Amino acid sequence: MRWRNTHARLPGLLLALLGWLALAWPAWALNVPVKTWTLNNGLTLVVIPDHRAPVVTHMVWYRVGAADEPAGKTGLAHYLEHLMFKGTKRIAPGEFSRIIKRYGGNENAFTSRDYTAYFQRIASDKLGMVMEMEADRMQNLQLSEKDVKTELEVIKEERRMRTENDPRTLFAERMQAMLFTAHPYRRPVVGWMADVKHLTLADVMAFYRRFYTPANAVVVVAGDVEPEKVRALALKHYGALKNTAAVRPRWRTPEPPPLAARRLMMRDARVRQPTFQRLWVAPSYRTAKGGMAHALDVFADALGGGTTSVLYRRLVVKEKVAAWAGAFYSGDDRDYGTFGVYATPAPGVTPERLEARIDAVLKEVLERGVDEKRLERSKGSMVASAIYALDSQFALARIFGEAMATETGVQSVLTWDERIAKVSGEEALKAARAVLRPANAVTGWLLPPEKKAKAAMRSSSAEKESAR
Amino acid sequence: MMVAFGMRRFLLAILLLLAPPLAASALEVREVKTPKGITVWFAEDHTVPIVAMNYAFAGGAAADPAGKEGLANFLSAMLDEGAGDMTSEQFQERMEELAFSMDHSAGREWFSGSFRSLSRNLDESVKLLALAVNRPRFDAQPLERIRRQLLVSLRKKAEDPEERAWDAFRRMLYGKHPFARAVDGDLRGIGAITADDLHALHKRLFAREKLLVVVAGDIDEKHMAQMVDTVFGDLPAKSGMPDIAPPVFPKQARMKIVRRVIPQSIVLMGADSIRRDDADFIPAYVVNHILGGGGFGSRLMEEVREKRGLAYSVYSALITHEKDGVFFAYAGTRNDKALLARDIMLENIRRVAKEGVTARELEEAKDHLIGSWPLRFDSTTKIAGMLLGLRLQHLGIDYLKKRNDLMRAVSLQDAKRAARRMLHPERMQVVVYGNPPQPAAAKAAPAGEPAVAR
């Protein structure tokens, strides 16, 4: 389970991609022949040749996301992402998409906490054309009041569909809001409804002018292309663009020293199955010192990455108190990573009992560490995941684009598998002990309404219960 | 290349510059017969050191016995839980050491598997896959553990309005036919399934008859044939799975509101449609792309989302089974406008059924569908997935070469005829799941409008 907190303009496609990434993530490295340049106007260019099919993936990443929004304007980065398809001085609303489709391409966009990205997948000989169009909308966005208003309704529906209609997403949203007490990672990317309702055309344009400028952009091209030719095309289409604003270093309020363990008990009338989650604030790949992120990644896999992990073997297989149990580390965001443990009680097991057992296993693992053999298997399968990642042109483009957009850098990607292979048991344990402290965590339960919960517990032989 | 930018003329410029569509030239797919007689579609490519094999056995959840609903899905979850002389724990540790994946899933009419291995570990990985396919164990401990997981996921699913809306829609459309049931069964069925049931299903289902196999990636033909025979060569020849009679679809339109106090309503509508083996399927596919399958620019997207902001997600699709086809449309929309969104969707379906599509829409759709074909074949994993998908539709290997010509040949008349044959607003089953305003049910609906059936 990875929390990829991104929102896309179109559902479905991205969900499928994220599903795939969850398998292979974080998975990269090996000998990817990646080339990078910085153009005179500060735009970063990344090229990844892949000659298997005559197609190309072109992405433009802006180093701006939900965590960069002004106070009271949550959802603005994502709103702008939607509006980027509403036309420029030269291209009518909707025409961008229509042109890409007409040439046999697919396109979409996504927004996260740290970045906003636009992509096209198309025949490689159309690369110049898509660059021309992306360069155009980097500077010439032209919005009408009517389009801006209608799109706000779409965003509200997006929030209702993804978040409000689904208690599990609501729970995840509220967990984030408690995990980060001051840092803007506490915001949902789609925005809080009360803010979203009041976003205006003026807000959008000010945000666009400030952040959509060549020095704040990363262009990634993966596919059937020669790097030098891509560079020439990029110089032609992006090289002449002038910066419209100075790029200032990003400032986000850092988390104050953690002092208090937090707890979220959320009941929802729709919920039938209780779920446990505990999240800790951790360093990210960018901020970690001395390989701590790699160590946390390995520790998380050994602790809870699948059916051979410590948590699954103990709580699901041996003690049978959980139907599922696992752990994850997510270190790809710019400022902080997240370490998480999750579990679902087995039928008939109370939340209290399960949580006590989770605490006991965690305590034991943090005292004694993880079995060496277990650790080796984790490292082996993580290194192998880097080879599988090579199979997807889109995933490669995304991994490198994200590394550049979060200022983590390509080197971190290129050396990832090598450094994972070197993590020792001692390092893994040391990193885990530093992060998995009570004051650093929020513990959450998503629960059915009290009446329903009692009834479910009584008829714990699940056969009697109706699924309807 | 130069594109002349210029306001409205932009599109014209593109029409003139439109290059001939790409051939999926890099892709070569061979049909290979293994020594043990299994026919494989094979795409060799050594760029990335991995091998992908996808396969499917005929028979799925629609054949689950009454009282054992969810059996095929249960089987799919048990295949990496111990096989041969390896326990569940031993099997899964070895899988992790070899870093391969095998995923099985039950569909309504097919049971499919996807296997992916590093080429350097291939032979060892294949040994485990062969054990799982030929000699699964269904030991009591893992079986009870998986049962608990299946029960818990059924309860989680029941929380999700989207799933509940689909359940309601399937019941309207398929009535008592097994397609109305969820693939993952129900609490009672899952509770009743035994190891004997799983062994019996495994014996009936895993047979060479109607087995479909495709392989892509870093392997040569001889080695590939050995691999396929190691996994499937010793299975029984004959399948014991029953034929499923086609569903009988409702003859009259019905509208239903399932009232739930949730923030957004889900609108689903559909009716029987064109079959995959129908000569008009390709034109119908193109028409659906224009109506609601093609995302931005499609009529439903433009009318419901772009013009009115009524939904984030709105689309339509064709589903094909062995003996029937279904057209459906979906939208997630605000409660107070849910009935309006529903009516706009119906109106657009009616209009396309009656009038067909425009020449410009047809050309644009064809250009996209033809031009984007190579994007579906740009990785080993995707190639294997696509090839199995084509075989599941009983297409010949020549379809890979013919497909774009078939698309190109669709005329405006073809599209109009197909639209009429694929869309049946007069017998559409419509469900609104959520909290829309009380419909003015009793108010006389215009003639020809389906009545509200509650």
# chains A, B, ... in the order shown; residues from 1 in each chain; ligands from 1
>>> interface_residues(of="chain A", to="chain B", cutoff="7 Å", atoms="only C-alpha atoms", output="PyMOL selection string")
chain A and resi 11+52-53+55+90-91+97-98+101-105+128-129+150-151+153-155+157-158+160-161+164-166+270-273+308+323+346-347+377+380-381+384+390-392+462-463+467-468
>>> residues_around(residues="Met59 (chain A)", least_positions_apart="4", cutoff="9 Å", atoms="only C-alpha atoms", output="list in words")
Ala109, Ala117, Tyr118, Phe119, Gln120, Arg121, Val218, Val219, Val220, Val221, Ala222, Ala397, Arg398 and Gly401 of chain A
>>> write_last_selection(atoms="C-alpha atoms", output="CSV table (one decimal), in the first residue's frame")
chain,number,residue,atom,x,y,z
A,109,ALA,CA,-1.9,15.6,-16.2
A,117,ALA,CA,2.9,17.5,-14.4
A,118,TYR,CA,1.5,17.3,-17.9
A,119,PHE,CA,2.2,14.5,-20.3
A,120,GLN,CA,1.6,13.2,-23.8
A,121,ARG,CA,2.3,9.8,-25.3
A,218,VAL,CA,11.5,20.2,-15.9
A,219,VAL,CA,10.9,18.6,-19.4
A,220,VAL,CA,11.3,14.8,-19.5
A,221,VAL,CA,11.4,12.9,-22.8
A,222,ALA,CA,11.5,9.1,-22.9
A,397,ALA,CA,9.8,9.1,-17.3
A,398,ARG,CA,7.8,9.6,-14.1
A,401,GLY,CA,10.6,13.6,-13.5
>>> atom_distance(atom1="CA of Phe74 (chain B)", atom2="CA of Phe276 (chain A)")
24.9 Å
>>> residues_around(residues="Pro257 (chain A)", least_positions_apart="5", cutoff="12 Å", atoms="only C-alpha atoms", output="PyMOL selection string")
chain A and resi 180-183+281+439-440
>>> select_by_dssp(residues="region 19-206 of chain B", states="helix (DSSP H, G or I)", output="ChimeraX atom specification")
/B:61-63,71-78,88-98,119-134,140-157,161-174,178-180,187-192,195-205
>>> residues_around(residues="region 227-240 of chain A", least_positions_apart="3", cutoff="8 Å", atoms="only C-alpha atoms", output="ChimeraX atom specification")
/A:35,39-41,43,45,47-49,128,131-132,135,214,221
>>> residues_around(residues="Val287 (chain B)", least_positions_apart="6", cutoff="8 Å", atoms="only C-alpha atoms", output="number ranges by chain")
B: 356-357, 362, 415, 418-419
>>> atom_distance(atom1="CA of Lys354 (chain B)", atom2="CA of Arg408 (chain B)")
22.9 Å
>>> closest_residue(among="B:Gly82, B:Pro236, B:Gly107, B:Gly325", to="Arg276 (chain B)", atoms="only C-alpha atoms")
B:Gly325
>>> atom_distance(atom1="CA of Gly113 (chain B)", atom2="CA of Leu387 (chain B)")
13.1 Å
>>> residues_around(residues="Arg248 (chain A)", least_positions_apart="2", cutoff="10 Å", atoms="only C-alpha atoms", output="JSON, numbers by chain")
{"A": [210, 211, 216, 245, 246, 250, 251]}
>>> residues_around(residues="Arg419 (chain A)", least_positions_apart="4", cutoff="7 Å", atoms="only C-alpha atoms", output="JSON, numbers by chain")
{"A": [294, 415, 423]}
>>> write_last_selection(atoms="C-alpha atoms", output="PDB file, in the first residue's frame")
ATOM      1  CA  HIS A 294      17.216   3.445   2.031  1.00  0.00           C
ATOM      2  CA  THR A 415      22.290   4.678  -7.308  1.00  0.00           C
ATOM      3  CA  VAL A 423      21.822  -1.628   3.818  1.00  0.00           C
TER       4      VAL A 423
END
>>> select_by_dssp(residues="region 60-124 of chain A", states="strand (DSSP E)", output="compact mmCIF listing (two decimals) with C-alpha atoms, in the first residue's frame")
# COMPACT_ATOMS: atom_id res chain seq x y z
CA VAL A 60 6.44 18.90 -18.42
CA TRP A 61 6.80 19.12 -14.65
CA TYR A 62 6.39 22.36 -12.71
CA ASN A 106 -2.84 10.07 -25.26
CA GLU A 107 -2.46 12.85 -22.75
CA ASN A 108 -3.31 13.80 -19.21
CA ALA A 109 -1.93 15.59 -16.19
CA PHE A 110 -1.51 15.07 -12.45
CA THR A 111 -0.92 17.16 -9.36
CA THR A 116 2.15 19.53 -11.25
CA ALA A 117 2.88 17.52 -14.39
CA TYR A 118 1.47 17.29 -17.91
CA PHE A 119 2.21 14.46 -20.30
CA GLN A 120 1.61 13.18 -23.81
CA ARG A 121 2.34 9.75 -25.29
CA ILE A 122 2.54 9.91 -29.05
CA ALA A 123 4.44 8.84 -32.20
